Amino acid sequence: MKILIDINHPAHVHYFKNFIKIMEAHGHKFFVINRDSPMINQLLDYYGIEHTIRNKRPEKKGTIASLMNILRMIGWVAKKSFSFHPDIYMGFASSACAVTSFLFRKPCVLIDDTEHNVMNQKLYLPFCSKVLTPFYFQKQLGDGTKQVRFNAYVEQLYLHSKYYKKNPAVLDELGVKPGEYVIVRYIAYDAHHDLVAHPISDDVKKKIVSEIAKHYRVFVSLEKNVNDHFYDDYLLKISPEKMHDLEAYAKFMVAEGATMASESFIHGVPYLYLNPLHCGYIDYQCEHYPDRAFQTTDKEQALQIVQRLLLTDCDSDHEKKNIESQTIDPTAYLISVIEPPL
């Protein structure tokens, strides 16, 4: 079987890397197309996944710019389809794969766990064959006939203990010990679904870092370079494939990105999510695990939660085992969808 996968975010590399490895061992062939992003390229190269680089995400936000970007993506996927001749298309909420699969009369299976990704959902739903959504996903997509729910977190595609074992080597590299540091992740808000977001102010972001730094080492990861020397002493400088190990040993995480917040949760590590946008998995975690999953953009509440987390001890290994006891292995599930038994 020939499978084309479109990668549009660093997390998507992780979503599909174990699936690709196992399916290649079964004799299947892959053609991976990815957005031109240094981190995406570095991750694909690190995991030995051959890939073809397409266009970058436009710096100017807006619906028209986003639609033009999607049209370019469709053009790339269609162009490569003429030479690769895929039997099936896959991706994470990839409207480019869905539309192209329809043009070539081939099936398309997508994953989606982001409720506010409305524009892509409107574009891909008429053309895809199936869209797999995790149990916490709060929307019914269309009439529900194409939507299939599975009992796992998307982040378990790569952080499930069957595939991932944390490695303390990164701690030696940075000169820290488990539980003696905090990760802070601030994002660029340049995706289309971020257009309506009103993030917490830069002053509050700095205040959060300063408060944590009074007690623990702080590692700040910035999605977009900023000309602000305040962050110079805190900037995290490791290769991206080591981030999951750093997350796994952290005291807690403060993140504007939902993916990294949920990764912390899967590791059993508490988090504060500083983003006004709501996601099903964040809402579920905050509701069912109110002692270690928090969301706010209120200045005073954010600082109060930071102080609470500074005083909270968490047995992350125990918490991770508890999460896995309640869910399935989503990689095995994905394989069963694409490669059903004879």
# chains A, B, ... in the order shown; residues from 1 in each chain; ligands from 1
>>> select_by_dssp(residues="region 102-341 of chain A", states="helix (DSSP H, G or I)", output="JSON, numbers by chain")
{"A": [102, 103, 118, 119, 120, 121, 122, 123, 124, 156, 157, 158, 159, 169, 170, 171, 172, 173, 174, 192, 193, 194, 202, 203, 204, 205, 206, 207, 208, 209, 210, 211, 212, 213, 229, 230, 231, 240, 241, 242, 243, 244, 245, 246, 247, 248, 258, 259, 260, 261, 262, 263, 264, 265, 266, 267, 280, 281, 282, 283, 284, 285, 286, 287, 288, 299, 300, 301, 302, 303, 304, 305, 306, 307, 308, 309, 310, 316, 317, 318, 319, 320, 321, 322, 323, 324, 325, 330, 331, 332, 333, 334, 335, 336, 337, 338]}
>>> closest_atom_pairs(of="region 1-55 of chain A", to="region 85-106 of chain A", cutoff="6 Å", atoms="only C-alpha atoms", output="tab-separated table")
residue	atom	partner	partner_atom	distance
A:Lys2	CA	A:Pro86	CA	4.9
A:Ile3	CA	A:Ile88	CA	5.1
A:Leu4	CA	A:Tyr89	CA	4.9
A:Ile5	CA	A:Met90	CA	4.8
A:Asp6	CA	A:Gly91	CA	5.2
>>> write_last_selection(atoms="C-alpha atoms", output="PDB file, in the first residue's frame")
ATOM      1  CA  LYS A   2       1.203   3.525  -0.817  1.00  0.00           C
ATOM      2  CA  ILE A   3       0.326   6.133   1.815  1.00  0.00           C
ATOM      3  CA  LEU A   4       0.710   9.917   1.464  1.00  0.00           C
ATOM      4  CA  ILE A   5       0.858  11.930   4.695  1.00  0.00           C
ATOM      5  CA  ASP A   6       0.781  15.734   4.958  1.00  0.00           C
TER       6      ASP A   6
END
>>> residues_around(residues="region 219-221 of chain A", least_positions_apart="6", cutoff="10 Å", atoms="only C-alpha atoms", output="list in words")
Leu174, Tyr181, Val182, Ile183, Val184, Arg185, Tyr186, Ile187, Val209, Ala213, Tyr231, Asp232, Asp233, Tyr234, Leu235, Leu236, Lys237, Ile238, Met243, Leu246, Ala250, Met253, Val254 and Ala255 of chain A
>>> closest_atom_pairs(of="region 37-138 of chain A", to="region 309-331 of chain A", cutoff="12 Å", atoms="only C-alpha atoms", output="Markdown table")
| residue | atom | partner | partner_atom | distance |
| --- | --- | --- | --- | --- |
| A:Ile111 | CA | A:Pro330 | CA | 11.0 |
| A:Leu132 | CA | A:Pro330 | CA | 10.4 |
| A:Thr133 | CA | A:Pro330 | CA | 10.8 |
| A:Pro134 | CA | A:Pro330 | CA | 9.2 |
| A:Phe135 | CA | A:Thr327 | CA | 9.6 |
| A:Tyr136 | CA | A:Thr327 | CA | 11.6 |
>>> select_by_dssp(residues="region 43-179 of chain A", states="strand (DSSP E or B)", output="PyMOL selection string")
chain A and resi 51-53+88-92+108-111+130-134+147-150
>>> closest_residue(among="A:Asp291, A:Asp298, A:Asp245, A:Asp228", to="Pro276 (chain A)", atoms="only C-alpha atoms")
A:Asp298
>>> residues_around(residues="region 36-46 of chain A", least_positions_apart="4", cutoff="7 Å", atoms="only C-alpha atoms", output="VMD selection string")
chain A and resid 9 to 10 13 53 to 56 240 to 241
>>> write_last_selection(atoms="C-alpha atoms", output="PDB file, in the first residue's frame")
ATOM      1  CA  HIS A   9       2.914  21.073  12.601  1.00  0.00           C
ATOM      2  CA  PRO A  10       5.842  19.622  14.599  1.00  0.00           C
ATOM      3  CA  VAL A  13       5.618  14.323  13.052  1.00  0.00           C
ATOM      4  CA  ILE A  53       9.169  20.279   1.753  1.00  0.00           C
ATOM      5  CA  ARG A  54       6.316  22.468   0.545  1.00  0.00           C
ATOM      6  CA  ASN A  55       5.410  26.112   1.273  1.00  0.00           C
ATOM      7  CA  LYS A  56       5.784  28.010   4.529  1.00  0.00           C
ATOM      8  CA  PRO A 240      13.469  19.599  19.474  1.00  0.00           C
ATOM      9  CA  GLU A 241      13.509  15.790  19.778  1.00  0.00           C
TER      10      GLU A 241
END
>>> residues_around(residues="Tyr163 (chain A)", least_positions_apart="6", cutoff="12 Å", atoms="only C-alpha atoms", output="ChimeraX atom specification")
/A:14-15,17-19,21-22,155-157,329-332
>>> write_last_selection(atoms="N, CA and C atoms", output="PDB file, in the first residue's frame")
ATOM      1  N   HIS A  14       5.288  13.621  15.334  1.00  0.00           N
ATOM      2  CA  HIS A  14       5.189  12.649  16.427  1.00  0.00           C
ATOM      3  C   HIS A  14       3.938  11.778  16.295  1.00  0.00           C
ATOM      4  N   TYR A  15       2.832  12.392  15.843  1.00  0.00           N
ATOM      5  CA  TYR A  15       1.596  11.625  15.698  1.00  0.00           C
ATOM      6  C   TYR A  15       1.796  10.400  14.799  1.00  0.00           C
ATOM      7  N   LYS A  17       4.945   9.146  13.498  1.00  0.00           N
ATOM      8  CA  LYS A  17       6.269   8.503  13.383  1.00  0.00           C
ATOM      9  C   LYS A  17       6.224   7.010  13.730  1.00  0.00           C
ATOM     10  N   ASN A  18       5.533   6.626  14.792  1.00  0.00           N
ATOM     11  CA  ASN A  18       5.460   5.200  15.156  1.00  0.00           C
ATOM     12  C   ASN A  18       4.615   4.422  14.159  1.00  0.00           C
ATOM     13  N   PHE A  19       3.544   5.047  13.704  1.00  0.00           N
ATOM     14  CA  PHE A  19       2.693   4.442  12.679  1.00  0.00           C
ATOM     15  C   PHE A  19       3.499   4.160  11.417  1.00  0.00           C
ATOM     16  N   LYS A  21       6.797   3.824  11.088  1.00  0.00           N
ATOM     17  CA  LYS A  21       7.820   2.803  11.348  1.00  0.00           C
ATOM     18  C   LYS A  21       7.222   1.394  11.310  1.00  0.00           C
ATOM     19  N   ILE A  22       6.088   1.216  11.969  1.00  0.00           N
ATOM     20  CA  ILE A  22       5.461  -0.105  12.030  1.00  0.00           C
ATOM     21  C   ILE A  22       4.912  -0.511  10.664  1.00  0.00           C
ATOM     22  N   GLU A 155      -1.962  12.655  22.004  1.00  0.00           N
ATOM     23  CA  GLU A 155      -0.553  12.677  22.402  1.00  0.00           C
ATOM     24  C   GLU A 155      -0.025  11.296  22.772  1.00  0.00           C
ATOM     25  N   GLN A 156      -0.928  10.354  23.045  1.00  0.00           N
ATOM     26  CA  GLN A 156      -0.488   8.989  23.332  1.00  0.00           C
ATOM     27  C   GLN A 156      -0.015   8.251  22.077  1.00  0.00           C
ATOM     28  N   LEU A 157      -0.248   8.837  20.895  1.00  0.00           N
ATOM     29  CA  LEU A 157       0.312   8.261  19.677  1.00  0.00           C
ATOM     30  C   LEU A 157       1.830   8.175  19.751  1.00  0.00           C
ATOM     31  N   ASP A 329      -4.117   2.044  23.253  1.00  0.00           N
ATOM     32  CA  ASP A 329      -2.937   2.420  22.474  1.00  0.00           C
ATOM     33  C   ASP A 329      -3.435   2.960  21.127  1.00  0.00           C
ATOM     34  N   PRO A 330      -3.383   4.276  20.894  1.00  0.00           N
ATOM     35  CA  PRO A 330      -3.978   4.810  19.662  1.00  0.00           C
ATOM     36  C   PRO A 330      -3.199   4.475  18.389  1.00  0.00           C
ATOM     37  N   THR A 331      -1.896   4.188  18.507  1.00  0.00           N
ATOM     38  CA  THR A 331      -1.134   3.800  17.319  1.00  0.00           C
ATOM     39  C   THR A 331      -1.621   2.447  16.798  1.00  0.00           C
ATOM     40  N   ALA A 332      -1.804   1.503  17.712  1.00  0.00           N
ATOM     41  CA  ALA A 332      -2.337   0.195  17.318  1.00  0.00           C
ATOM     42  C   ALA A 332      -3.723   0.348  16.710  1.00  0.00           C
TER      43      ALA A 332
END
>>> atom_distance(atom1="CA of Glu263 (chain A)", atom2="CA of Asn151 (chain A)")
16.5 Å
